[in-house]
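Chemist: Handing you this structure, nothing more for now.
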Amino acid sequence: MSDNIKNKIMVVDSSDDDLKLLSSALEETQYQYYSFNNQEEAIANIDEIQPDIIVCDMSMDYSDELNIPDYIEDSGKDTPIIMISDEEPLNLSMAMDLGADVAVLKTPDYFELIETLDEMIQAQ
């Protein structure tokens with residue numbers, strides 16, 4: 001990818017506080033990010049934004065017909081999904097069942113998430 005084109009990260013978390021913390025952490029990176037506090041709004045913007053990676057809070061309701069992992073799968077997109085959770089121990093099995101490619105714990109500085117984003121972008 002060209003140096004002047006930033007990778008796009010879509011962040012979806014129903015907690016406004018967590019969304020603010022994560023947005024602050026992403027401001028310190030080279031990524032262009034888009035924040036949403038619900039899946040419906042995020043889904044309405046996926047085609048326009050075309051994110052390289054989507055970060056979703058695991059605690060959101062994924063049982064609705066309209067949810068991000070199902071939308072990605074149904075639309076034939078191969079956009080990776082990172083699930084984040086503040087519950088320890090991290091339930092990797094649940095994250096994978098929900099459609100995640102990777103799951104990481106929420107931390108105040110989001111260091112592990114940023115590291116994971118870096119690794120996934122480099123692998124693309």
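Naming works like this for the structure tokens: A, B, ... for the chains as they're shown, residue 1 at the start of each chain, ligands 1 onward in shown order.
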Using only C-alpha atoms, I'd like a table of the residues in segment 37-117 of chain A that come within 12 Å of segment 10-30 of chain A; for each, show the closest atom pair and its distance in Å rounded to one decimal, ordered by chain and ascending number, as JSON lines.

Modeler:
```
{"residue": "A:Asn37", "atom": "CA", "partner": "A:Ser14", "partner_atom": "CA", "distance": 4.5}
{"residue": "A:Asn38", "atom": "CA", "partner": "A:Ser14", "partner_atom": "CA", "distance": 5.7}
{"residue": "A:Gln39", "atom": "CA", "partner": "A:Val12", "partner_atom": "CA", "distance": 6.7}
{"residue": "A:Glu40", "atom": "CA", "partner": "A:Val12", "partner_atom": "CA", "distance": 9.9}
{"residue": "A:Glu41", "atom": "CA", "partner": "A:Val12", "partner_atom": "CA", "distance": 9.2}
{"residue": "A:Ala42", "atom": "CA", "partner": "A:Val12", "partner_atom": "CA", "distance": 7.0}
{"residue": "A:Ile43", "atom": "CA", "partner": "A:Val12", "partner_atom": "CA", "distance": 9.9}
{"residue": "A:Asn45", "atom": "CA", "partner": "A:Met10", "partner_atom": "CA", "distance": 9.5}
{"residue": "A:Ile46", "atom": "CA", "partner": "A:Met10", "partner_atom": "CA", "distance": 8.2}
{"residue": "A:Asp47", "atom": "CA", "partner": "A:Met10", "partner_atom": "CA", "distance": 11.5}
{"residue": "A:Glu48", "atom": "CA", "partner": "A:Met10", "partner_atom": "CA", "distance": 11.5}
{"residue": "A:Ile49", "atom": "CA", "partner": "A:Met10", "partner_atom": "CA", "distance": 8.3}
{"residue": "A:Gln50", "atom": "CA", "partner": "A:Met10", "partner_atom": "CA", "distance": 8.8}
{"residue": "A:Pro51", "atom": "CA", "partner": "A:Met10", "partner_atom": "CA", "distance": 5.9}
{"residue": "A:Asp52", "atom": "CA", "partner": "A:Met10", "partner_atom": "CA", "distance": 8.0}
{"residue": "A:Ile53", "atom": "CA", "partner": "A:Met10", "partner_atom": "CA", "distance": 6.4}
{"residue": "A:Ile54", "atom": "CA", "partner": "A:Met10", "partner_atom": "CA", "distance": 4.7}
{"residue": "A:Val55", "atom": "CA", "partner": "A:Val11", "partner_atom": "CA", "distance": 4.7}
{"residue": "A:Cys56", "atom": "CA", "partner": "A:Val12", "partner_atom": "CA", "distance": 4.8}
{"residue": "A:Asp57", "atom": "CA", "partner": "A:Asp13", "partner_atom": "CA", "distance": 5.1}
{"residue": "A:Met58", "atom": "CA", "partner": "A:Asp13", "partner_atom": "CA", "distance": 8.5}
{"residue": "A:Ser59", "atom": "CA", "partner": "A:Ser14", "partner_atom": "CA", "distance": 8.4}
{"residue": "A:Met60", "atom": "CA", "partner": "A:Ser14", "partner_atom": "CA", "distance": 6.8}
{"residue": "A:Asp61", "atom": "CA", "partner": "A:Ser14", "partner_atom": "CA", "distance": 9.8}
{"residue": "A:Asn67", "atom": "CA", "partner": "A:Val12", "partner_atom": "CA", "distance": 11.0}
{"residue": "A:Ile68", "atom": "CA", "partner": "A:Val12", "partner_atom": "CA", "distance": 9.3}
{"residue": "A:Pro69", "atom": "CA", "partner": "A:Val12", "partner_atom": "CA", "distance": 11.8}
{"residue": "A:Thr79", "atom": "CA", "partner": "A:Met10", "partner_atom": "CA", "distance": 10.4}
{"residue": "A:Pro80", "atom": "CA", "partner": "A:Met10", "partner_atom": "CA", "distance": 10.6}
{"residue": "A:Ile81", "atom": "CA", "partner": "A:Met10", "partner_atom": "CA", "distance": 9.5}
{"residue": "A:Ile82", "atom": "CA", "partner": "A:Val11", "partner_atom": "CA", "distance": 9.4}
{"residue": "A:Met83", "atom": "CA", "partner": "A:Val12", "partner_atom": "CA", "distance": 9.7}
{"residue": "A:Ile84", "atom": "CA", "partner": "A:Asp13", "partner_atom": "CA", "distance": 9.0}
{"residue": "A:Ser85", "atom": "CA", "partner": "A:Asp13", "partner_atom": "CA", "distance": 10.1}
{"residue": "A:Asp86", "atom": "CA", "partner": "A:Asp18", "partner_atom": "CA", "distance": 10.0}
{"residue": "A:Lys106", "atom": "CA", "partner": "A:Asp18", "partner_atom": "CA", "distance": 8.7}
{"residue": "A:Thr107", "atom": "CA", "partner": "A:Leu22", "partner_atom": "CA", "distance": 9.4}
{"residue": "A:Pro108", "atom": "CA", "partner": "A:Leu21", "partner_atom": "CA", "distance": 7.2}
{"residue": "A:Asp109", "atom": "CA", "partner": "A:Ala25", "partner_atom": "CA", "distance": 6.5}
{"residue": "A:Tyr110", "atom": "CA", "partner": "A:Ala25", "partner_atom": "CA", "distance": 6.5}
{"residue": "A:Phe111", "atom": "CA", "partner": "A:Ala25", "partner_atom": "CA", "distance": 8.2}
{"residue": "A:Glu112", "atom": "CA", "partner": "A:Ala25", "partner_atom": "CA", "distance": 11.1}
{"residue": "A:Leu113", "atom": "CA", "partner": "A:Leu22", "partner_atom": "CA", "distance": 9.3}
{"residue": "A:Ile114", "atom": "CA", "partner": "A:Leu26", "partner_atom": "CA", "distance": 7.6}
{"residue": "A:Glu115", "atom": "CA", "partner": "A:Thr29", "partner_atom": "CA", "distance": 10.5}
{"residue": "A:Leu117", "atom": "CA", "partner": "A:Thr29", "partner_atom": "CA", "distance": 10.2}
```

Chemist: Take the residues from that selection and put them in a file with N, CA and C atoms, as a CSV table (one decimal), in the first residue's frame.

Modeler:
```csv
chain,number,residue,atom,x,y,z
A,37,ASN,N,-21.2,3.6,17.5
A,37,ASN,CA,-21.6,3.0,18.8
A,37,ASN,C,-22.7,2.0,18.6
A,38,ASN,N,-23.0,1.6,17.4
A,38,ASN,CA,-24.0,0.5,17.2
A,38,ASN,C,-23.7,-0.1,15.8
A,39,GLN,N,-24.1,-1.3,15.7
A,39,GLN,CA,-23.8,-2.1,14.5
A,39,GLN,C,-24.6,-1.6,13.3
A,40,GLU,N,-25.8,-1.2,13.5
A,40,GLU,CA,-26.7,-0.7,12.4
A,40,GLU,C,-26.0,0.5,11.7
A,41,GLU,N,-25.5,1.4,12.4
A,41,GLU,CA,-24.9,2.6,11.8
A,41,GLU,C,-23.6,2.2,11.1
A,42,ALA,N,-22.8,1.3,11.7
A,42,ALA,CA,-21.6,0.8,11.1
A,42,ALA,C,-21.9,0.1,9.8
A,43,ILE,N,-22.9,-0.8,9.8
A,43,ILE,CA,-23.2,-1.6,8.6
A,43,ILE,C,-23.6,-0.6,7.5
A,45,ASN,N,-22.5,2.1,6.8
A,45,ASN,CA,-21.3,2.8,6.3
A,45,ASN,C,-20.2,1.9,5.8
A,46,ILE,N,-20.3,0.6,5.9
A,46,ILE,CA,-19.2,-0.3,5.5
A,46,ILE,C,-18.9,-0.2,4.1
A,47,ASP,N,-19.9,-0.2,3.2
A,47,ASP,CA,-19.6,-0.2,1.8
A,47,ASP,C,-18.9,1.1,1.3
A,48,GLU,N,-19.3,2.2,1.9
A,48,GLU,CA,-18.7,3.5,1.6
A,48,GLU,C,-17.3,3.6,2.1
A,49,ILE,N,-17.1,3.2,3.4
A,49,ILE,CA,-15.7,3.3,4.0
A,49,ILE,C,-14.8,2.2,3.5
A,50,GLN,N,-15.3,1.0,3.3
A,50,GLN,CA,-14.4,-0.1,2.9
A,50,GLN,C,-13.2,-0.3,3.8
A,51,PRO,N,-13.6,-0.6,5.1
A,51,PRO,CA,-12.5,-0.7,6.1
A,51,PRO,C,-11.6,-1.9,5.8
A,52,ASP,N,-10.3,-1.8,6.2
A,52,ASP,CA,-9.3,-2.9,6.0
A,52,ASP,C,-9.5,-3.9,7.2
A,53,ILE,N,-10.0,-3.4,8.3
A,53,ILE,CA,-10.2,-4.2,9.5
A,53,ILE,C,-11.4,-3.6,10.3
A,54,ILE,N,-12.2,-4.5,10.9
A,54,ILE,CA,-13.3,-4.0,11.7
A,54,ILE,C,-13.0,-4.5,13.2
A,55,VAL,N,-13.1,-3.6,14.1
A,55,VAL,CA,-12.9,-3.9,15.5
A,55,VAL,C,-14.3,-3.8,16.2
A,56,CYS,N,-14.8,-4.9,16.8
A,56,CYS,CA,-16.1,-4.9,17.4
A,56,CYS,C,-16.0,-5.4,18.9
A,57,ASP,N,-16.8,-4.7,19.7
A,57,ASP,CA,-16.9,-5.1,21.1
A,57,ASP,C,-17.7,-6.4,21.2
A,58,MET,N,-17.2,-7.4,21.9
A,58,MET,CA,-17.8,-8.7,22.0
A,58,MET,C,-19.1,-8.7,22.8
A,59,SER,N,-19.3,-7.7,23.6
A,59,SER,CA,-20.5,-7.6,24.5
A,59,SER,C,-21.7,-7.1,23.8
A,60,MET,N,-21.6,-6.7,22.5
A,60,MET,CA,-22.8,-6.2,21.8
A,60,MET,C,-23.6,-7.4,21.4
A,61,ASP,N,-24.9,-7.2,21.1
A,61,ASP,CA,-25.8,-8.3,20.7
A,61,ASP,C,-25.6,-8.7,19.3
A,67,ASN,N,-26.2,-7.9,11.9
A,67,ASN,CA,-25.0,-7.8,12.7
A,67,ASN,C,-23.8,-7.8,11.8
A,68,ILE,N,-22.7,-7.3,12.2
A,68,ILE,CA,-21.5,-7.1,11.4
A,68,ILE,C,-20.9,-8.4,10.9
A,69,PRO,N,-20.6,-9.4,11.7
A,69,PRO,CA,-20.1,-10.6,11.1
A,69,PRO,C,-20.9,-11.2,10.1
A,79,THR,N,-13.2,-8.9,4.9
A,79,THR,CA,-12.7,-7.9,5.9
A,79,THR,C,-12.5,-8.7,7.2
A,80,PRO,N,-11.2,-8.7,7.8
A,80,PRO,CA,-11.0,-9.3,9.1
A,80,PRO,C,-11.7,-8.6,10.2
A,81,ILE,N,-12.2,-9.3,11.2
A,81,ILE,CA,-12.8,-8.8,12.3
A,81,ILE,C,-12.0,-9.1,13.6
A,82,ILE,N,-11.8,-8.1,14.4
A,82,ILE,CA,-11.1,-8.3,15.7
A,82,ILE,C,-12.2,-8.0,16.7
A,83,MET,N,-12.4,-9.0,17.6
A,83,MET,CA,-13.4,-8.8,18.7
A,83,MET,C,-12.5,-8.4,20.0
A,84,ILE,N,-13.0,-7.4,20.7
A,84,ILE,CA,-12.4,-6.9,21.9
A,84,ILE,C,-13.3,-7.1,23.1
A,85,SER,N,-12.8,-7.5,24.2
A,85,SER,CA,-13.6,-7.8,25.4
A,85,SER,C,-12.8,-7.3,26.6
A,86,ASP,N,-13.6,-6.9,27.6
A,86,ASP,CA,-13.0,-6.6,28.9
A,86,ASP,C,-13.2,-7.7,29.9
A,106,LYS,N,-9.5,-5.8,26.1
A,106,LYS,CA,-9.5,-4.3,26.2
A,106,LYS,C,-8.6,-4.0,27.3
A,107,THR,N,-7.7,-3.1,27.1
A,107,THR,CA,-6.8,-2.5,28.1
A,107,THR,C,-6.9,-1.0,28.0
A,108,PRO,N,-6.6,-0.3,29.1
A,108,PRO,CA,-6.7,1.2,29.1
A,108,PRO,C,-5.9,1.8,27.9
A,109,ASP,N,-4.8,1.3,27.6
A,109,ASP,CA,-4.0,1.9,26.5
A,109,ASP,C,-4.2,1.2,25.1
A,110,TYR,N,-4.9,0.1,25.1
A,110,TYR,CA,-5.2,-0.7,23.9
A,110,TYR,C,-3.9,-1.1,23.2
A,111,PHE,N,-2.9,-1.3,23.9
A,111,PHE,CA,-1.6,-1.7,23.3
A,111,PHE,C,-1.7,-3.0,22.5
A,112,GLU,N,-2.3,-4.0,23.1
A,112,GLU,CA,-2.4,-5.3,22.5
A,112,GLU,C,-3.2,-5.2,21.2
A,113,LEU,N,-4.3,-4.4,21.2
A,113,LEU,CA,-5.1,-4.2,20.0
A,113,LEU,C,-4.3,-3.5,18.9
A,114,ILE,N,-3.6,-2.5,19.2
A,114,ILE,CA,-2.8,-1.8,18.3
A,114,ILE,C,-1.7,-2.7,17.7
A,115,GLU,N,-1.1,-3.5,18.5
A,115,GLU,CA,-0.1,-4.5,18.0
A,115,GLU,C,-0.8,-5.5,17.0
A,117,LEU,N,-3.5,-5.0,15.3
A,117,LEU,CA,-3.8,-4.3,14.0
A,117,LEU,C,-2.6,-4.2,13.1
```

Chemist: List every residue of segment 12-120 of chain A that DSSP, applied to the backbone of this structure, assigns to helix (DSSP H, G or I), and report them as an NGL selection string.

Modeler: :A and (16-27 or 39-49 or 68-74 or 92-98 or 111-120)

Chemist: Nearest to Gly99 of chain A: which of A:Glu65, A:Asp70, A:Gln32, A:Ile9 is it, counting only C-alpha atoms?

Modeler: A:Asp70

Chemist: Could you work out how far atom CA of Ser35 of chain A lies from atom CA of Asp118 of chain A, giving the answer in Å with one decimal?

Modeler: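 Result for atom CA of Asp118 of chain A versus atom CA of Ser35 of chain A: 18.2 Å, one decimal.
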